[in-house]
>>> print(open('start_6.pdb').read())   # PDB, C-alpha atoms
ATOM      1  CA  MET A 163       8.893  -6.556  -2.624
ATOM      2  CA  VAL A 164       5.452  -6.877  -1.052
ATOM      3  CA  VAL A 165       2.615  -7.553  -3.488
ATOM      4  CA  GLN A 166      -0.737  -6.543  -2.011
ATOM      5  CA  LYS A 167      -3.783  -8.202  -3.534
ATOM      6  CA  SER A 168      -6.441  -7.138  -1.044
ATOM      7  CA  SER A 169      -9.598  -5.636  -2.563
ATOM      8  CA  THR A 170      -8.504  -6.616  -6.068
ATOM      9  CA  VAL A 171     -11.378  -7.166  -8.506
ATOM     10  CA  SER A 172     -10.856  -9.143 -11.723
ATOM     11  CA  ILE A 173     -13.108  -8.271 -14.658
ATOM     12  CA  ILE A 174     -12.846 -10.017 -18.011
ATOM     13  CA  PHE A 175     -13.985  -7.944 -20.985
ATOM     14  CA  SER A 176     -14.629  -9.390 -24.421
ATOM     15  CA  MET A 177     -14.669  -6.708 -27.107
ATOM     16  CA  SER A 178     -13.795  -6.113 -30.722
ATOM     17  CA  SER A 179     -10.221  -6.509 -31.987
ATOM     18  CA  VAL A 180      -9.501  -2.775 -31.577
ATOM     19  CA  ILE A 181     -10.239  -1.255 -28.159
ATOM     20  CA  THR A 182      -9.843   2.328 -26.951
ATOM     21  CA  LEU A 183     -10.049   2.990 -23.217
ATOM     22  CA  GLY A 184     -10.352   6.366 -21.553
ATOM     23  CA  VAL A 185      -8.165   6.814 -18.476
ATOM     24  CA  ILE A 186      -8.586   9.579 -15.914
ATOM     25  CA  ALA A 187      -7.448  10.353 -12.371
ATOM     26  CA  ASP A 188      -7.563  12.993  -9.669
ATOM     27  CA  THR A 189     -10.716  14.777 -10.789
ATOM     28  CA  HIS A 190     -11.111  16.249  -7.266
ATOM     29  CA  VAL A 191     -14.661  17.575  -7.596
ATOM     30  CA  PRO A 192     -15.549  19.639  -5.619
ATOM     31  CA  ASP A 193     -12.493  19.871  -3.349
ATOM     32  CA  ARG A 194     -10.068  21.218  -5.985
ATOM     33  CA  SER A 195     -12.238  21.737  -9.054
ATOM     34  CA  ARG A 196     -15.845  22.950  -9.045
ATOM     35  CA  THR A 197     -16.939  20.667 -11.886
ATOM     36  CA  LEU A 198     -15.570  18.078 -14.272
ATOM     37  CA  PRO A 199     -14.219  20.036 -17.273
ATOM     38  CA  PRO A 200     -16.547  19.566 -20.295
ATOM     39  CA  ALA A 201     -13.497  18.804 -22.441
ATOM     40  CA  VAL A 202     -13.101  15.477 -20.612
ATOM     41  CA  LEU A 203     -16.484  14.238 -21.798
ATOM     42  CA  GLU A 204     -15.895  15.677 -25.270
ATOM     43  CA  ILE A 205     -12.550  13.897 -25.704
ATOM     44  CA  PHE A 206     -13.842  10.536 -24.483
ATOM     45  CA  SER A 207     -16.968  10.828 -26.647
ATOM     46  CA  ARG A 208     -15.055  11.896 -29.752
ATOM     47  CA  ARG A 209     -12.533   9.078 -29.323
ATOM     48  CA  GLN A 210     -15.425   6.606 -28.832
ATOM     49  CA  VAL A 211     -13.931   4.928 -25.776
ATOM     50  CA  GLN A 212     -15.433   1.547 -24.907
ATOM     51  CA  ALA A 213     -14.724   1.876 -21.179
ATOM     52  CA  ILE A 214     -13.312   4.463 -18.782
ATOM     53  CA  LEU A 215     -10.829   3.731 -16.010
ATOM     54  CA  HIS A 216     -10.568   6.169 -13.086
ATOM     55  CA  ALA A 217      -7.391   5.814 -11.022
ATOM     56  CA  GLY A 218      -8.784   7.415  -7.877
ATOM     57  CA  ASP A 219      -9.700  10.651  -6.150
ATOM     58  CA  VAL A 220     -13.042  10.646  -7.915
ATOM     59  CA  SER A 221     -14.324  12.561  -4.867
ATOM     60  CA  SER A 222     -17.879  12.909  -6.197
ATOM     61  CA  SER A 223     -20.714  10.575  -7.210
ATOM     62  CA  VAL A 224     -21.723  13.210  -9.791
ATOM     63  CA  VAL A 225     -18.408  12.739 -11.627
ATOM     64  CA  PHE A 226     -18.854   8.966 -11.480
ATOM     65  CA  GLU A 227     -22.304   9.274 -13.083
ATOM     66  CA  GLN A 228     -21.106  11.724 -15.756
ATOM     67  CA  LEU A 229     -18.327   9.404 -16.882
ATOM     68  CA  ASN A 230     -20.496   6.304 -16.649
ATOM     69  CA  ARG A 231     -22.920   7.845 -19.169
ATOM     70  CA  ILE A 232     -20.118   7.966 -21.750
ATOM     71  CA  ALA A 233     -18.933   4.355 -21.237
ATOM     72  CA  PRO A 234     -18.819   1.731 -18.476
ATOM     73  CA  LEU A 235     -16.687   3.126 -15.661
ATOM     74  CA  TYR A 236     -14.239   1.194 -13.462
ATOM     75  CA  ALA A 237     -12.592   3.048 -10.591
ATOM     76  CA  VAL A 238     -10.351   2.574  -7.573
ATOM     77  CA  ARG A 239     -10.359   4.408  -4.258
ATOM     78  CA  GLY A 240      -7.993   7.342  -3.779
ATOM     79  CA  ASN A 241      -6.967   9.118  -0.592
ATOM     80  CA  ARG A 242      -9.764  11.692  -1.108
ATOM     81  CA  ASP A 243     -12.402   8.979  -1.619
ATOM     82  CA  PHE A 244     -12.764   8.260   2.095
ATOM     83  CA  TRP A 245     -16.430   9.261   2.324
ATOM     84  CA  VAL A 246     -18.757   9.370  -0.712
ATOM     85  CA  MET A 247     -16.713   6.895  -2.781
ATOM     86  CA  ARG A 248     -15.376   4.747   0.071
ATOM     87  CA  HIS A 249     -17.064   1.666  -1.437
ATOM     88  CA  LEU A 250     -14.574   1.616  -4.322
ATOM     89  CA  PRO A 251     -11.895  -1.124  -4.224
ATOM     90  CA  ARG A 252      -8.273  -0.239  -3.496
ATOM     91  CA  THR A 253      -7.113  -2.024  -6.656
ATOM     92  CA  GLN A 254      -8.636  -3.534  -9.758
ATOM     93  CA  VAL A 255      -7.322  -5.987 -12.326
ATOM     94  CA  LEU A 256      -9.120  -5.875 -15.666
ATOM     95  CA  THR A 257      -8.591  -7.690 -18.950
ATOM     96  CA  PHE A 258      -9.342  -6.017 -22.277
ATOM     97  CA  GLY A 259      -8.496  -7.680 -25.576
ATOM     98  CA  GLY A 260      -6.222 -10.171 -23.832
ATOM     99  CA  VAL A 261      -4.195  -7.424 -22.096
ATOM    100  CA  ARG A 262      -4.247  -7.398 -18.284
ATOM    101  CA  LEU A 263      -4.340  -3.990 -16.607
ATOM    102  CA  GLY A 264      -3.760  -3.322 -12.908
ATOM    103  CA  MET A 265      -5.094  -0.084 -11.454
ATOM    104  CA  VAL A 266      -4.275   1.560  -8.104
ATOM    105  CA  HIS A 267      -4.340   5.168  -6.909
ATOM    106  CA  GLY A 268      -0.816   4.997  -5.510
ATOM    107  CA  HIS A 269      -1.014   6.741  -2.141
ATOM    108  CA  GLY A 270      -0.227   3.555  -0.219
ATOM    109  CA  SER A 271      -1.206   3.050   3.404
ATOM    110  CA  PHE A 272      -2.200   5.787   5.840
ATOM    111  CA  TRP A 273       1.367   5.839   7.187
ATOM    112  CA  ASP A 274       2.795   5.973   3.654
ATOM    113  CA  TYR A 275       0.570   8.969   2.980
ATOM    114  CA  LEU A 276       1.752  10.799   6.105
ATOM    115  CA  LYS A 277       5.399  10.023   5.333
ATOM    116  CA  ASP A 278       4.967  11.243   1.746
ATOM    117  CA  LYS A 279       3.469  14.513   2.991
ATOM    118  CA  TRP A 280       6.411  15.060   5.337
ATOM    119  CA  ILE A 281       8.915  14.371   2.541
ATOM    120  CA  PHE A 282       7.007  16.670   0.164
ATOM    121  CA  TYR A 283       7.068  19.618   2.565
ATOM    122  CA  THR A 284      10.677  19.106   3.659
ATOM    123  CA  ARG A 285      12.435  17.899   0.509
ATOM    124  CA  GLY A 286       9.990  18.216  -2.376
ATOM    125  CA  ILE A 287       8.207  15.484  -4.269
ATOM    126  CA  GLY A 288      10.024  12.484  -5.746
ATOM    127  CA  ILE A 289       8.039  10.948  -8.592
ATOM    128  CA  SER A 290      10.120   7.759  -8.817
ATOM    129  CA  ALA A 291       9.023   6.584  -5.350
ATOM    130  CA  PHE A 292       5.372   6.691  -6.396
ATOM    131  CA  GLU A 293       6.145   4.935  -9.679
ATOM    132  CA  GLN A 294       7.868   2.112  -7.822
ATOM    133  CA  ARG A 295       5.012   1.814  -5.336
ATOM    134  CA  ALA A 296       2.501   1.454  -8.177
ATOM    135  CA  LEU A 297       4.647  -1.141  -9.962
ATOM    136  CA  GLN A 298       5.115  -3.166  -6.793
ATOM    137  CA  THR A 299       1.379  -3.366  -6.187
ATOM    138  CA  PHE A 300       1.113  -6.032  -8.898
ATOM    139  CA  ALA A 301       3.368  -9.037  -9.459
ATOM    140  CA  PRO A 302       5.413  -8.796 -12.681
ATOM    141  CA  ASP A 303       3.512 -11.699 -14.247
ATOM    142  CA  GLU A 304       0.096 -10.457 -13.039
ATOM    143  CA  VAL A 305      -0.452  -7.507 -15.404
ATOM    144  CA  GLU A 306       1.039  -5.974 -18.545
ATOM    145  CA  VAL A 307      -0.097  -2.435 -17.705
ATOM    146  CA  VAL A 308       0.057  -0.590 -14.366
ATOM    147  CA  ILE A 309      -2.252   2.442 -14.105
ATOM    148  CA  PHE A 310      -2.001   4.864 -11.203
ATOM    149  CA  GLY A 311      -2.846   8.429 -10.163
ATOM    150  CA  HIS A 312      -2.065  10.587  -7.121
ATOM    151  CA  ILE A 313       0.968  12.500  -8.426
ATOM    152  CA  HIS A 314      -0.995  14.840 -10.737
ATOM    153  CA  THR A 315       1.518  14.501 -13.554
ATOM    154  CA  PRO A 316       1.355  12.196 -16.606
ATOM    155  CA  VAL A 317       3.510   9.100 -17.054
ATOM    156  CA  ASN A 318       3.570   6.969 -20.202
ATOM    157  CA  ARG A 319       6.605   4.702 -20.410
ATOM    158  CA  ARG A 320       7.688   1.095 -20.220
ATOM    159  CA  VAL A 321       9.467  -0.332 -17.201
ATOM    160  CA  ALA A 322      10.847  -3.879 -17.433
ATOM    161  CA  GLY A 323       8.396  -4.742 -20.185
ATOM    162  CA  ARG A 324       5.303  -3.306 -18.495
ATOM    163  CA  LEU A 325       3.536  -0.091 -19.489
ATOM    164  CA  LEU A 326       3.463   2.351 -16.557
ATOM    165  CA  PHE A 327       0.646   4.824 -17.145
ATOM    166  CA  ASN A 328      -0.643   7.859 -15.275
ATOM    167  CA  PRO A 329      -3.166  10.084 -17.088
ATOM    168  CA  GLY A 330      -2.295  13.172 -15.047
ATOM    169  CA  THR A 331      -5.110  15.248 -13.577
ATOM    170  CA  THR A 332      -8.113  17.252 -14.757
ATOM    171  CA  SER A 333      -7.907  19.553 -11.716
ATOM    172  CA  ASN A 334      -4.537  20.954 -10.599
ATOM    173  CA  PRO A 335      -1.339  19.660 -12.265
ATOM    174  CA  LEU A 336       1.765  19.144 -10.139
ATOM    175  CA  TYR A 337       3.776  21.716 -12.112
ATOM    176  CA  ALA A 338       2.412  25.100 -13.161
ATOM    177  CA  HIS A 339       3.554  24.685 -16.778
ATOM    178  CA  GLN A 340       1.698  21.397 -17.261
ATOM    179  CA  PRO A 341      -1.729  21.198 -18.904
ATOM    180  CA  ARG A 342      -4.658  19.307 -17.427
ATOM    181  CA  THR A 343      -4.763  15.902 -19.077
ATOM    182  CA  VAL A 344      -6.527  12.578 -19.580
ATOM    183  CA  GLY A 345      -5.208   9.350 -21.063
ATOM    184  CA  LEU A 346      -6.134   6.866 -23.758
ATOM    185  CA  LEU A 347      -5.070   3.236 -24.041
ATOM    186  CA  HIS A 348      -5.247   1.624 -27.475
ATOM    187  CA  ILE A 349      -5.347  -2.182 -27.521
ATOM    188  CA  ALA A 350      -5.070  -4.238 -30.694
ATOM    189  CA  ASN A 351      -3.878  -7.784 -31.338
ATOM    190  CA  GLY A 352      -2.789  -8.244 -27.734
ATOM    191  CA  ALA A 353      -0.597  -5.117 -27.726
ATOM    192  CA  VAL A 354      -1.228  -1.839 -25.878
ATOM    193  CA  ARG A 355      -0.170   1.755 -26.547
ATOM    194  CA  GLY A 356      -0.691   4.747 -24.265
ATOM    195  CA  GLU A 357      -1.516   8.323 -25.214
ATOM    196  CA  ILE A 358      -1.725  11.450 -23.021
ATOM    197  CA  VAL A 359      -4.085  14.184 -24.258
ATOM    198  CA  SER A 360      -4.435  17.699 -22.842
ATOM    199  CA  LEU A 361      -7.914  19.081 -22.270
ATOM    200  CA  GLU A 362      -7.175  21.475 -25.142
ATOM    201  CA  GLY A 363      -7.034  18.408 -27.387
ATOM    202  CA  ASP A 364      -3.280  18.361 -27.978
ATOM    203  CA  ILE A 365      -1.366  15.089 -27.709
ATOM    204  CA  VAL A 366       1.097  15.513 -24.857
ATOM    205  CA  ARG A 367       2.868  12.157 -24.844
ATOM    206  CA  ARG A 368       2.649   8.940 -26.869
TER
END
>>> encode(input="start_6.pdb", output="structure tokens")
Amino acid sequence: MVVQKSSTVSIIFSMSSVITLGVIADTHVPDRSRTLPPAVLEIFSRRQVQAILHAGDVSSSVVFEQLNRIAPLYAVRGNRDFWVMRHLPRTQVLTFGGVRLGMVHGHGSFWDYLKDKWIFYTRGIGISAFEQRALQTFAPDEVEVVIFGHIHTPVNRRVAGRLLFNPGTTSNPLYAHQPRTVGLLHIANGAVRGEIVSLEGDIVRR
């Protein structure tokens, strides 16, 4: 297993005992979606998130500014962030309420990206490979939560004691039957719980 720590930023956050974080990925404005859906801002505002984490493919400085008005925004660079948002780090490690979170988009290197495209068009997508890549980005004792994007489908489950979390996408879900989604992380007393919420306001996965 190769653990890559390049471009990792550590941010320590001191907050109240109960913390709610908004999590979002693959907004793809304007390449796949004309604007950020208003429901995103409504959900994060109504849930009173204290910070927002964007797991890449922000694609637009306008989206960054919109989210940053709701709460402080932390983001990583996705494969579509090669121009306007190229200043974003590849990974971030953040600490909220004593819980360490590692965030990466999940597309890997340029050669990984090309290989993934070839596999997708010849054999179809395999979600588990992207999950493993995200997990392997951070050493097991480095973070308690691994957040990633790229696959446009939500993930909210524990793997070897760590929470693996993907909020899905607000643009074009991987499968036609899936709703557009965002995520919430609830942190209290050193424990974390994930929640996936559709843009219609329904809870998809806890």
>>> resolve_selection(input="start_6.pdb", expression="the PyMOL selection byres ((chain A and resi 313) around 9)", output="JSON, numbers by chain")
{"A": [188, 268, 269, 287, 289, 292, 310, 311, 312, 314, 315, 316, 328, 330, 331, 335, 336]}
>>> closest_residue(input="start_6.pdb", among="A:Glu362, A:Asp193, A:Glu306, A:Glu357", to="Gly259 of chain A", atoms="all atoms listed in the file")
A:Glu306
>>> atom_distance(input="start_6.pdb", atom1="atom CA of Ser207 of chain A", atom2="atom CA of Leu229 of chain A")
10.0 Å
>>> atom_distance(input="start_6.pdb", atom1="atom CA of His267 of chain A", atom2="atom CA of Arg320 of chain A")
18.4 Å
>>> closest_residue(input="start_6.pdb", among="A:Arg319, A:Arg231, A:His348, A:Arg355", to="Gly184 of chain A", atoms="all atoms listed in the file")
A:His348
>>> closest_residue(input="start_6.pdb", among="A:Arg324, A:Pro234, A:Ser333, A:Glu204", to="Ser221 of chain A", atoms="all atoms listed in the file")
A:Ser333
>>> closest_residue(input="start_6.pdb", among="A:Leu235, A:Val307, A:Val344, A:Val354", to="Val255 of chain A", atoms="all atoms listed in the file")
A:Val307
>>> axis_aligned_box(input="start_6.pdb", around="segment 254-257 of chain A", padding_each_side="5 Å", output="AutoDock Vina command-line options")
--center_x -8.2 --center_y -5.6 --center_z -14.4 --size_x 11.8 --size_y 14.2 --size_z 19.2
>>> resolve_selection(input="start_6.pdb", expression="the PyMOL selection byres ((chain A and resi 351) around 12)", output="list in words")
Met177, Ser178, Ser179, Val180, Ile181, Phe258, Gly259, Gly260, Val261, His348, Ile349, Ala350, Gly352, Ala353, Val354 and Arg355 of chain A
>>> write_last_selection(input="start_6.pdb", atoms="C-alpha atoms", output="CSV table (one decimal), in the coordinates of the input")
chain,number,residue,atom,x,y,z
A,177,MET,CA,-14.7,-6.7,-27.1
A,178,SER,CA,-13.8,-6.1,-30.7
A,179,SER,CA,-10.2,-6.5,-32.0
A,180,VAL,CA,-9.5,-2.8,-31.6
A,181,ILE,CA,-10.2,-1.3,-28.2
A,258,PHE,CA,-9.3,-6.0,-22.3
A,259,GLY,CA,-8.5,-7.7,-25.6
A,260,GLY,CA,-6.2,-10.2,-23.8
A,261,VAL,CA,-4.2,-7.4,-22.1
A,348,HIS,CA,-5.2,1.6,-27.5
A,349,ILE,CA,-5.3,-2.2,-27.5
A,350,ALA,CA,-5.1,-4.2,-30.7
A,352,GLY,CA,-2.8,-8.2,-27.7
A,353,ALA,CA,-0.6,-5.1,-27.7
A,354,VAL,CA,-1.2,-1.8,-25.9
A,355,ARG,CA,-0.2,1.8,-26.5
>>> closest_residue(input="start_6.pdb", among="A:Ile358, A:Val238, A:Val305, A:Val266", to="Leu325 of chain A", atoms="only C-alpha atoms")
A:Val305
>>> closest_residue(input="start_6.pdb", among="A:Arg196, A:Leu263, A:Ser223, A:Arg342", to="Leu183 of chain A", atoms="only C-alpha atoms")
A:Leu263
>>> residues_around(input="start_6.pdb", residues="segment 199-202 of chain A", least_positions_apart="2", cutoff="12 Å", atoms="only C-alpha atoms", output="PyMOL selection string")
chain A and resi 184-187+189-192+195-197+204-209+211+214+225+228-229+232+329+331-334+342-346+359-364
>>> atom_distance(input="start_6.pdb", atom1="atom CA of Gln254 of chain A", atom2="atom CA of Gly218 of chain A")
11.1 Å
>>> residues_near_point(input="start_6.pdb", point="(-18.6, 0.2, -21.9)", cutoff="6 Å", atoms="only C-alpha atoms", output="compact mmCIF listing (two decimals) with C-alpha atoms, in the coordinates of the input")
# COMPACT_ATOMS: atom_id res chain seq x y z
CA GLN A 212 -15.43 1.55 -24.91
CA ALA A 213 -14.72 1.88 -21.18
CA ALA A 233 -18.93 4.36 -21.24
CA PRO A 234 -18.82 1.73 -18.48
>>> build_atoms(input="start_6.pdb", residues="segment 203-230 of chain A", atoms="N, CA and C atoms", output="mmCIF file, in the frame of the given file")
data_model
loop_
_atom_site.group_PDB
_atom_site.id
_atom_site.type_symbol
_atom_site.label_atom_id
_atom_site.label_comp_id
_atom_site.auth_asym_id
_atom_site.auth_seq_id
_atom_site.Cartn_x
_atom_site.Cartn_y
_atom_site.Cartn_z
ATOM 1 N N LEU A 203 -15.397 14.996 -21.180
ATOM 2 C CA LEU A 203 -16.484 14.238 -21.798
ATOM 3 C C LEU A 203 -16.405 14.322 -23.318
ATOM 4 N N GLU A 204 -15.997 15.492 -23.818
ATOM 5 C CA GLU A 204 -15.895 15.677 -25.270
ATOM 6 C C GLU A 204 -14.808 14.778 -25.858
ATOM 7 N N ILE A 205 -13.658 14.718 -25.212
ATOM 8 C CA ILE A 205 -12.550 13.897 -25.704
ATOM 9 C C ILE A 205 -12.925 12.425 -25.692
ATOM 10 N N PHE A 206 -13.482 11.948 -24.575
ATOM 11 C CA PHE A 206 -13.842 10.536 -24.483
ATOM 12 C C PHE A 206 -14.951 10.171 -25.469
ATOM 13 N N SER A 207 -15.894 11.086 -25.680
ATOM 14 C CA SER A 207 -16.968 10.828 -26.647
ATOM 15 C C SER A 207 -16.430 10.810 -28.072
ATOM 16 N N ARG A 208 -15.594 11.801 -28.386
ATOM 17 C CA ARG A 208 -15.055 11.896 -29.752
ATOM 18 C C ARG A 208 -14.161 10.707 -30.084
ATOM 19 N N ARG A 209 -13.415 10.232 -29.101
ATOM 20 C CA ARG A 209 -12.533 9.078 -29.323
ATOM 21 C C ARG A 209 -13.274 7.746 -29.212
ATOM 22 N N GLN A 210 -14.564 7.791 -28.890
ATOM 23 C CA GLN A 210 -15.425 6.606 -28.832
ATOM 24 C C GLN A 210 -14.837 5.511 -27.937
ATOM 25 N N VAL A 211 -14.501 5.895 -26.711
ATOM 26 C CA VAL A 211 -13.931 4.928 -25.776
ATOM 27 C C VAL A 211 -14.973 3.876 -25.406
ATOM 28 N N GLN A 212 -14.518 2.637 -25.256
ATOM 29 C CA GLN A 212 -15.433 1.547 -24.907
ATOM 30 C C GLN A 212 -15.569 1.346 -23.406
ATOM 31 N N ALA A 213 -14.655 1.891 -22.640
ATOM 32 C CA ALA A 213 -14.724 1.876 -21.179
ATOM 33 C C ALA A 213 -13.851 3.006 -20.663
ATOM 34 N N ILE A 214 -14.108 3.418 -19.422
ATOM 35 C CA ILE A 214 -13.312 4.463 -18.782
ATOM 36 C C ILE A 214 -12.764 3.912 -17.470
ATOM 37 N N LEU A 215 -11.490 4.155 -17.234
ATOM 38 C CA LEU A 215 -10.829 3.731 -16.010
ATOM 39 C C LEU A 215 -10.455 4.971 -15.208
ATOM 40 N N HIS A 216 -10.884 5.028 -13.952
ATOM 41 C CA HIS A 216 -10.568 6.169 -13.086
ATOM 42 C C HIS A 216 -9.626 5.691 -11.988
ATOM 43 N N ALA A 217 -8.430 6.268 -11.944
ATOM 44 C CA ALA A 217 -7.391 5.814 -11.022
ATOM 45 C C ALA A 217 -7.431 6.537 -9.679
ATOM 46 N N GLY A 218 -8.621 6.937 -9.238
ATOM 47 C CA GLY A 218 -8.784 7.415 -7.877
ATOM 48 C C GLY A 218 -8.830 8.908 -7.675
ATOM 49 N N ASP A 219 -9.327 9.286 -6.495
ATOM 50 C CA ASP A 219 -9.700 10.651 -6.150
ATOM 51 C C ASP A 219 -10.801 11.141 -7.085
ATOM 52 N N VAL A 220 -11.811 10.274 -7.205
ATOM 53 C CA VAL A 220 -13.042 10.646 -7.915
ATOM 54 C C VAL A 220 -13.711 11.781 -7.143
ATOM 55 N N SER A 221 -13.835 11.563 -5.834
ATOM 56 C CA SER A 221 -14.324 12.561 -4.867
ATOM 57 C C SER A 221 -15.822 12.834 -4.927
ATOM 58 N N SER A 222 -16.471 12.533 -6.047
ATOM 59 C CA SER A 222 -17.879 12.909 -6.197
ATOM 60 C C SER A 222 -18.658 11.852 -6.971
ATOM 61 N N SER A 223 -19.853 11.515 -6.485
ATOM 62 C CA SER A 223 -20.714 10.575 -7.210
ATOM 63 C C SER A 223 -21.218 11.195 -8.515
ATOM 64 N N VAL A 224 -21.289 12.536 -8.560
ATOM 65 C CA VAL A 224 -21.723 13.210 -9.791
ATOM 66 C C VAL A 224 -20.736 12.947 -10.923
ATOM 67 N N VAL A 225 -19.437 13.029 -10.626
ATOM 68 C CA VAL A 225 -18.408 12.739 -11.627
ATOM 69 C C VAL A 225 -18.508 11.288 -12.083
ATOM 70 N N PHE A 226 -18.704 10.392 -11.140
ATOM 71 C CA PHE A 226 -18.854 8.966 -11.480
ATOM 72 C C PHE A 226 -19.993 8.787 -12.476
ATOM 73 N N GLU A 227 -21.143 9.414 -12.205
ATOM 74 C CA GLU A 227 -22.304 9.274 -13.083
ATOM 75 C C GLU A 227 -22.064 9.908 -14.445
ATOM 76 N N GLN A 228 -21.396 11.065 -14.476
ATOM 77 C CA GLN A 228 -21.106 11.724 -15.756
ATOM 78 C C GLN A 228 -20.258 10.834 -16.658
ATOM 79 N N LEU A 229 -19.213 10.253 -16.095
ATOM 80 C CA LEU A 229 -18.327 9.404 -16.882
ATOM 81 C C LEU A 229 -19.014 8.110 -17.283
ATOM 82 N N ASN A 230 -19.823 7.576 -16.391
ATOM 83 C CA ASN A 230 -20.496 6.304 -16.649
ATOM 84 C C ASN A 230 -21.528 6.418 -17.768
#
